[in-house]
Amino acid sequence: MRNLDQHTITEAVLARQAQTANPRLKHVLDSLVKHLHAFAREVELTEEEWFKGIEFLTRCGHITDDKRQEFILLSDVLGLSMLTVAQNNDKPAGCTEATVFGPFHVEGAPHYELGADISNGARGIPCVVRGTVRGIDGKPVAKAHMDVWQSDEDGLYDVQHPEIGHAQARGIVHSDSEGRYHFRSILAVPYAIPHDGPVGDLLQTTGRHPWRPAHLHFLIKAQGYEKLITHVFRSDDRYLDSDAVFGVRQSLIADWKQQSDGSYIVEYDFVLNPARKGAADA
Ligand code: BEZ
Ligand code: FE
């Protein structure tokens, strides 16, 4: 293969990777090459623009470490994360919808008894969170493993406070025999996603803000049901229609009600999809 030009190079690359043994990988790589080349042709990519793109990705790499994942953030703000979630979580009507995982989940969060305060010292207005976990048939799901995490009143997760060496505003509770759960935490507030790096520059250049509407994160696992990764959003939030990462679903919005003592309460009932026959449980 010599003298390849702009019209013949795509086929040449596809031919070069034709021996890829894994058929799924071959399909994905072939499609990636075709779309990348089509993109470069469509925008008539200049060499300067190509290098700016390389520099941008290099900056994403340099700022990424075990606490900061700029590539996931990039995928989030380009809508790729939510597209992938949406096309892989097509559940029957009535099931709780999935949304983005985000970068702030931590494996091994502390376990709490039902009713405990999972804020563990995080700053914020006290808030009770309660509801039920059921299957699509309405049957209560007992002992559902509910991993919850949220930011504090400054809009920061515990892992974004280097001085805090322990879990705050995150924890695991289990639903009771009737599928009910409740715990205490703090009021969810809107916050800006990390925007002091290349993804923040991209947002600014494109006239976008970095804000996410107030939400609680849930990762729910239960025997016989599909794993659910989702949020519950606050109905009075001004960013519901402009979430920086496109994660809002109408069905995930709940009212946070203020009590006479100034604290809040929010109720949300989760509906899990049964695991497909033969598929591994949550
Ligand atoms: C989050 O909700 O924690 C989140 C999601 C995507 C990007 C940044 C943060
Ligand atoms: Fe979040």
# chains A, B, ... in the order shown; residues from 1 in each chain; ligands from 1
$ residues_around --residues "Arg41 of chain A" --least-positions-apart "4" --cutoff "12 Å" --atoms "only C-alpha atoms" --output "PyMOL selection string"
chain A and resi 6-7+9-10+34-37+45-46
$ write_last_selection --atoms "N, CA, C and O atoms" --output "PDB file, in the first residue's frame"
ATOM      1  N   GLN A   6      -6.172  11.066   0.185  1.00  0.00           N
ATOM      2  CA  GLN A   6      -7.323  11.312   1.084  1.00  0.00           C
ATOM      3  C   GLN A   6      -8.534  10.469   0.714  1.00  0.00           C
ATOM      4  O   GLN A   6      -9.449  10.320   1.523  1.00  0.00           O
ATOM      5  N   HIS A   7      -8.549   9.940  -0.468  1.00  0.00           N
ATOM      6  CA  HIS A   7      -9.714   9.140  -0.868  1.00  0.00           C
ATOM      7  C   HIS A   7      -9.525   7.647  -0.574  1.00  0.00           C
ATOM      8  O   HIS A   7     -10.502   6.911  -0.499  1.00  0.00           O
ATOM      9  N   ILE A   9      -7.199   6.319   1.899  1.00  0.00           N
ATOM     10  CA  ILE A   9      -6.547   5.940   3.172  1.00  0.00           C
ATOM     11  C   ILE A   9      -7.498   5.203   4.129  1.00  0.00           C
ATOM     12  O   ILE A   9      -7.071   4.303   4.869  1.00  0.00           O
ATOM     13  N   THR A  10      -8.780   5.535   4.100  1.00  0.00           N
ATOM     14  CA  THR A  10      -9.705   4.879   5.047  1.00  0.00           C
ATOM     15  C   THR A  10      -9.753   3.377   4.777  1.00  0.00           C
ATOM     16  O   THR A  10      -9.592   2.556   5.702  1.00  0.00           O
ATOM     17  N   LYS A  34     -13.795   4.747  10.542  1.00  0.00           N
ATOM     18  CA  LYS A  34     -14.663   5.337   9.503  1.00  0.00           C
ATOM     19  C   LYS A  34     -15.218   6.684   9.961  1.00  0.00           C
ATOM     20  O   LYS A  34     -15.224   7.644   9.206  1.00  0.00           O
ATOM     21  N   HIS A  35     -15.689   6.726  11.224  1.00  0.00           N
ATOM     22  CA  HIS A  35     -16.284   7.978  11.694  1.00  0.00           C
ATOM     23  C   HIS A  35     -15.236   9.063  11.924  1.00  0.00           C
ATOM     24  O   HIS A  35     -15.499  10.239  11.654  1.00  0.00           O
ATOM     25  N   LEU A  36     -14.051   8.675  12.409  1.00  0.00           N
ATOM     26  CA  LEU A  36     -12.982   9.668  12.606  1.00  0.00           C
ATOM     27  C   LEU A  36     -12.575  10.278  11.271  1.00  0.00           C
ATOM     28  O   LEU A  36     -12.411  11.502  11.153  1.00  0.00           O
ATOM     29  N   HIS A  37     -12.422   9.411  10.282  1.00  0.00           N
ATOM     30  CA  HIS A  37     -12.010   9.915   8.967  1.00  0.00           C
ATOM     31  C   HIS A  37     -13.121  10.778   8.350  1.00  0.00           C
ATOM     32  O   HIS A  37     -12.848  11.823   7.743  1.00  0.00           O
ATOM     33  N   LEU A  45     -10.452  19.200   8.358  1.00  0.00           N
ATOM     34  CA  LEU A  45      -9.548  19.422   9.497  1.00  0.00           C
ATOM     35  C   LEU A  45      -8.180  19.924   9.017  1.00  0.00           C
ATOM     36  O   LEU A  45      -7.548  19.310   8.152  1.00  0.00           O
ATOM     37  N   THR A  46      -7.734  21.056   9.597  1.00  0.00           N
ATOM     38  CA  THR A  46      -6.400  21.564   9.237  1.00  0.00           C
ATOM     39  C   THR A  46      -5.365  20.905  10.151  1.00  0.00           C
ATOM     40  O   THR A  46      -5.710  20.355  11.217  1.00  0.00           O
TER      41      THR A  46
END
$ residues_near_ligand --ligand "ligand 2" --cutoff "12 Å" --atoms "only C-alpha atoms and all ligand atoms" --output "count of residues only"
47
$ closest_residue --among "A:Val173, A:Leu78, A:Leu240, A:Ala254" --to "Leu203 of chain A" --atoms "only C-alpha atoms"
A:Leu78
$ closest_residue --among "A:Glu107, A:Glu97, A:Asp176, A:Asp201" --to "Phe270 of chain A" --atoms "only C-alpha atoms"
A:Glu97
$ closest_residue --among "A:Val199, A:Ala40, A:Ala93, A:Ala18" --to "ligand 1" --atoms "only C-alpha atoms and all ligand atoms"
A:Val199
$ closest_residue --among "A:Met146, A:Glu48, A:His195, A:Asp65" --to "ligand 1" --atoms "only C-alpha atoms and all ligand atoms"
A:His195
$ closest_residue --among "A:Glu70, A:Asp30, A:Asp154, A:Glu44" --to "ligand 1" --atoms "only C-alpha atoms and all ligand atoms"
A:Glu70
